[in-house]
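Here's the structure we're looking at; comments come further down.
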Amino acid sequence: MRTMFLCDLVVIRRQLPQIALTSLICVLVFGVLTAASAAIVIMVSLMVTYMIIVTLAAYDDAGGWAAFRLTLPVSRRDVVLGRYATTMVACLASTALGIALSAIIGPIETAVLSSTTGGEVLITMGWNLSDTLMFALVGISLSLAYMAVVLPVYLTIGTTKGARLLVVLLFMAPLALLAMGNGIVSSIPESFTTGMVILVALPVVALALFAISATISMRLYARRDL
Amino acid sequence: MNHLINVAGVTKHYKDFALDDVNLVVDPGEIVGLIGRNGAGKTTLIKSLLGIIRTNNGTIELLDDADEHAAATHERVGVVFDICPFVGEMRVSDVASLGKATFATWDATKFDGLCRNFSLDEGKRVKELSRGMGMRLQLAFALAHDPLLLVLDEPTAGLDPIAREEALDILRDFMDDDRAILISSHITTDLEHVADRIVCIDEGKIVFDVSKDDICDAAGVARCRADEVDAVIESKLTGTDKRVLHGAFSTDVLVFDRIAFAREFPDVTLDRATIEKYMTLMLKGDAR
Amino acid sequence: MLIIYTHLCQSSGRPTIDIIISNASNEPIYEQIVSQIKAAILSGTLGQGEALPSIRSLANSLRISVITTKRAYSELEAQGFIDTVQGKGSFVTGGNVELLREERMHQVELLLSQAIDKAQAIGITPAELHEIINTLEENE
């Protein structure tokens with residue numbers, strides 16, 4: 001697992017500045033529209049994690065790198081677990097980046113928007129640490145859950161076919177949630193809907209999904225011909 | 001250690017193609033050349049024995065290790081493919097980092113030395129490397145972790161003749177009595193220069209597995225006139241299964257002992273066999 | 001026509017013998033090596049006890065297979081011209097090779113005189129005997 005993680009790191013490290021820069025630009029643009037500085041955390045967490053993972057997946061497919069990698073002293077199990085480890089690290093690092101960016105950008109946006117004459121502020125939230133950390137937890141959870149769906153697809157069928165499948169899955173998910181949403185919400189006991197409970201439940205559910213996803217990926221990757 | 005590669009009864013089914021009951025053994029001290037038509041199964045066989053492709057049947061042992069999941073075996077196996085597999089954005093120095101992270105036996109000094117010999121600049125990006133440079137990078141990477149076995153799939157494709165000979169020199173220097181090389185190639189002249197044994201695969205089956213000298217030194221091709229053909233074919237020296245290619249103005253017959261044949265048929269035009277000619281006759285020759 | 005040519009150098013760098021392999025020759029490659037090394041030994045170019053290049057380095061220099069050089073050395077050893085020591089390499093046999101050759105020649109003479117005696121006993125003429133020898137040699 002460590003070997004694979006290091007391989008991913010060597011492969012991606014030159015792209016990281018570019019990815020960070022892209023997220024910064026998105027943050028600035030987003031900040032023009034709203035001063036929801038804490039939401040920046042979630043956005044950066046999701047976006048940067050996904051950019052790292054999709055880049056790694058694209059590199060896997062190009063030039064036979066994934067095939068060659070199997071000739072190195074890494075087992076197929078190592079490859080999958082290593083990629084999941086990379087994802088976890090990417091998720092935590094991108095969330096940290098999000099926190100940092102929101103801490104810098106947030107106050108600036110609020111100041112800029114409130115000084116603009118006639119400027120409509122869509123969502124106004126002052127920047128504070130506890131809110132930001134809460135959103136960080138949400139961001140990590142969403143990223144992990146999102147990656148739990150993405151990773152098995154990329155690991156099994158690659159980026160080209162995978163992209164199409166993912167579009168279908170990720171469009172269907174919100175629709176499914178909307179359709180079933182009411183049913184799910186009403187079936188949850190009252191005591192479970194307090195903020196603290198959700199805050200604990202989200203990461204736990206996300207980690208569970210992530211772990212299940214890893215098991216599925218290992219099974220599928222074991223039989224894959226590269 | 002007995003065999004460095006031991007492939008036994010390997011079968012792999014695809015929609016239109018199958019590897020069928022393939023056996024291949026590579027022992028320490030030998031260089032084995034793998035030849036065959038495009039689509040015959042060379043790459044499929046190589047990918048199977050490296051664990052890149054899963055087989056339907058049969059056993060594969062690398063370095064005496066039958067555990068297909070043992071990554072540790074790959075510590076001592078070096079691989080070179082026809083296309084450089086390292087990510088294009090990486091630099092040569094990144095490839096060095098990769099090697100260091102991956103192999104316990106990685107020798108950074110050796111890699112740097114090889115890169116210097118190959119004129120591989122450490123700041124150069126993989127995508128900027130020419131085909132020959134890409135192959136040399138792979139070779140440097142493979143050699144720097146002290147492998148016992150080198151597996152090369154079309155390593156010299158697209159290289160100029162001088163670059164090819166230099167690559168072969170490196171392979172010769174690598175060899176000793178404990179090491180082995182499996183090299184698949186269309187460039188049969190390369191194999192004539194470097195191989196000890198030639199294995200030919202066709203439509204997923206091994207067609208012949210003979211020493212290179214049996215082809216290039218012992219065998220010959222009799223170029224027969226019409227009135228000579230029958231006598232030549234009848235001779236024991238053309239084997240039990242005849243290999244005959246009829247041309248517009250002559251007939252080629254594969255001869256397995258050219259020196260004896262020259263004595264028996266001193267008037268028949270006789271050439272030494274080349275791997276290419278031998279393969280053509282074996283794969284496309286008729287029985288008479 | 002391909003001719004591969006190598007000087008076998010001592011460690012001091014002075015060339016000692018030449019070995020020329022020709023693809024155009026009718027002789028198998030291993031026989032070409034055998035006859036040239038034999039000639040070098042008999043002529044004294046390669047001295048007693050002198051080390052021959054390793055099987056692999058000879059193969060690499062000549063750009064041929066180790067199987068061929070191994071066969072050549074086996075043949076030379078069988079004929080008594082060289083000794084192979086496991087782990088050390090191959091050396092020209094100590095003792096006068098000339099004498100060795102003479103001794104072997106003597107053995108051949110003995111065998112032939114036995115054959116001649118038997119032939120005379122059955123009444124085979126010298127001409128027929130020569131005929132037999134020729135036929136046997138051709139089939140070798």
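In the structure tokens, the first chain shown is A, the next is B, and so on; residue numbers restart at 1 for each chain, and ligands run from 1 in the order shown.
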Would you give me, as an NGL selection string, the residues in range 35-133 of chain C that DSSP reads as helix (DSSP H, G or I)?
-> :C and (35-43 or 55-62 or 66-78 or 97-122 or 126-133)
Identify all chain C residues at most 6 Å from chain B by counting only C-alpha atoms; ligands do not count. Present them as a list in words.
->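 The complete set of qualifying residues is Pro28, Arg63 and Ser65 of chain C.
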Pick from B:Leu62, B:Ile201, B:Val22, B:Val32 nearest to chain A, counting only C-alpha atoms | B:Leu62
Would you work out the distance separating CA of Gly87 in chain C from CA of Gly47 in chain C, expressed in Å to one decimal?
-> 21.0 Å
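Excluding Asp82 in chain B and any residue on its chain fewer than 2 positions from it, the residues at most 8 Å away by only C-alpha atoms are Val80, Cys84, Met135, Asp153, Glu154, Pro155, Thr156 and Ala157 of chain B.
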Write out as a PyMOL selection string each polymer residue whose atoms come within 9 Å of Asn57 in chain B, counting only C-alpha atoms; drop sequence neighbours fewer than 2 positions from it.
-> chain B and resi 9-12+21+55+59
Export N, CA and C atoms of the chosen residues as a CSV table (one decimal), in the first residue's frame?
```csv
chain,number,residue,atom,x,y,z
B,9,GLY,N,1.0,-25.3,-19.5
B,9,GLY,CA,-0.4,-25.5,-19.8
B,9,GLY,C,-1.3,-24.2,-19.8
B,10,VAL,N,-0.7,-23.1,-20.1
B,10,VAL,CA,-1.5,-21.8,-19.9
B,10,VAL,C,-2.5,-21.6,-21.1
B,11,THR,N,-3.7,-21.3,-20.6
B,11,THR,CA,-4.8,-21.0,-21.6
B,11,THR,C,-5.4,-19.7,-21.3
B,12,LYS,N,-5.7,-19.0,-22.3
B,12,LYS,CA,-6.4,-17.7,-22.1
B,12,LYS,C,-7.4,-17.5,-23.2
B,21,ASP,N,-2.9,-23.9,-24.3
B,21,ASP,CA,-1.9,-24.9,-23.8
B,21,ASP,C,-0.5,-24.6,-24.0
B,55,THR,N,-5.1,-15.5,-16.5
B,55,THR,CA,-5.3,-16.7,-17.4
B,55,THR,C,-6.4,-17.5,-16.9
B,59,THR,N,-0.3,-23.1,-15.1
B,59,THR,CA,0.4,-22.5,-14.0
B,59,THR,C,1.6,-21.6,-14.6
```
Using only C-alpha atoms, determine which residues of chain A fall within 10 Å of chain B; present them as an MDAnalysis selection string.
-> chainID A and resid 2:15 56 58:78 222:226
Can I get the selection written as an mmCIF file, in the first residue's frame, with C-alpha atoms?
```
data_model
loop_
_atom_site.group_PDB
_atom_site.id
_atom_site.type_symbol
_atom_site.label_atom_id
_atom_site.label_comp_id
_atom_site.auth_asym_id
_atom_site.auth_seq_id
_atom_site.Cartn_x
_atom_site.Cartn_y
_atom_site.Cartn_z
ATOM 1 C CA ARG A 2 2.804 2.394 0.873
ATOM 2 C CA THR A 3 4.588 1.699 -2.411
ATOM 3 C CA MET A 4 1.473 2.434 -4.416
ATOM 4 C CA PHE A 5 0.795 5.611 -2.460
ATOM 5 C CA LEU A 6 4.347 6.770 -3.143
ATOM 6 C CA CYS A 7 3.950 5.916 -6.828
ATOM 7 C CA ASP A 8 0.791 8.024 -6.991
ATOM 8 C CA LEU A 9 2.577 10.830 -5.182
ATOM 9 C CA VAL A 10 5.529 10.879 -7.584
ATOM 10 C CA VAL A 11 3.169 10.766 -10.543
ATOM 11 C CA ILE A 12 0.864 13.572 -9.390
ATOM 12 C CA ARG A 13 3.151 15.925 -7.497
ATOM 13 C CA ARG A 14 4.039 18.115 -10.469
ATOM 14 C CA GLN A 15 0.349 18.666 -11.190
ATOM 15 C CA LEU A 56 -4.402 9.789 -11.544
ATOM 16 C CA ALA A 58 -6.260 9.323 -16.632
ATOM 17 C CA TYR A 59 -2.558 8.650 -16.107
ATOM 18 C CA ASP A 60 -3.374 5.019 -15.324
ATOM 19 C CA ASP A 61 -4.950 4.622 -18.728
ATOM 20 C CA ALA A 62 -2.376 6.503 -20.784
ATOM 21 C CA GLY A 63 0.587 4.674 -22.277
ATOM 22 C CA GLY A 64 0.056 1.452 -20.341
ATOM 23 C CA TRP A 65 1.177 2.825 -16.987
ATOM 24 C CA ALA A 66 -1.352 0.761 -14.994
ATOM 25 C CA ALA A 67 -0.255 -2.384 -16.828
ATOM 26 C CA PHE A 68 3.435 -1.654 -16.268
ATOM 27 C CA ARG A 69 2.764 -0.899 -12.634
ATOM 28 C CA LEU A 70 1.607 -4.475 -12.146
ATOM 29 C CA THR A 71 5.110 -5.621 -13.100
ATOM 30 C CA LEU A 72 6.497 -3.710 -10.126
ATOM 31 C CA PRO A 73 6.627 -5.331 -6.683
ATOM 32 C CA VAL A 74 3.027 -4.295 -5.891
ATOM 33 C CA SER A 75 0.178 -6.741 -5.662
ATOM 34 C CA ARG A 76 -3.216 -5.928 -7.119
ATOM 35 C CA ARG A 77 -4.474 -5.548 -3.582
ATOM 36 C CA ASP A 78 -1.702 -3.034 -2.888
ATOM 37 C CA ALA A 222 -8.295 -8.817 -8.902
ATOM 38 C CA ARG A 223 -9.762 -10.171 -12.127
ATOM 39 C CA ARG A 224 -9.160 -7.226 -14.402
ATOM 40 C CA ASP A 225 -7.057 -7.681 -17.546
ATOM 41 C CA LEU A 226 -4.911 -4.638 -18.244
#
```
Could you pull out the strand (DSSP E or B) residues of range 79-227 of chain B from DSSP and send them as a PyMOL selection string?
-> chain B and resi 79-80+91+125+149-153+180-184+197-202+205-211+220-224
Quick one: residues within 7 Å of Gly49 in chain C, only C-alpha atoms counted, chain neighbours fewer than 4 positions away excluded, as a PyMOL selection string?
-> chain C and resi 91-94
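The space between CA of Phe30 in chain A and CA of Ser94 in chain A spans 16.9 Å.
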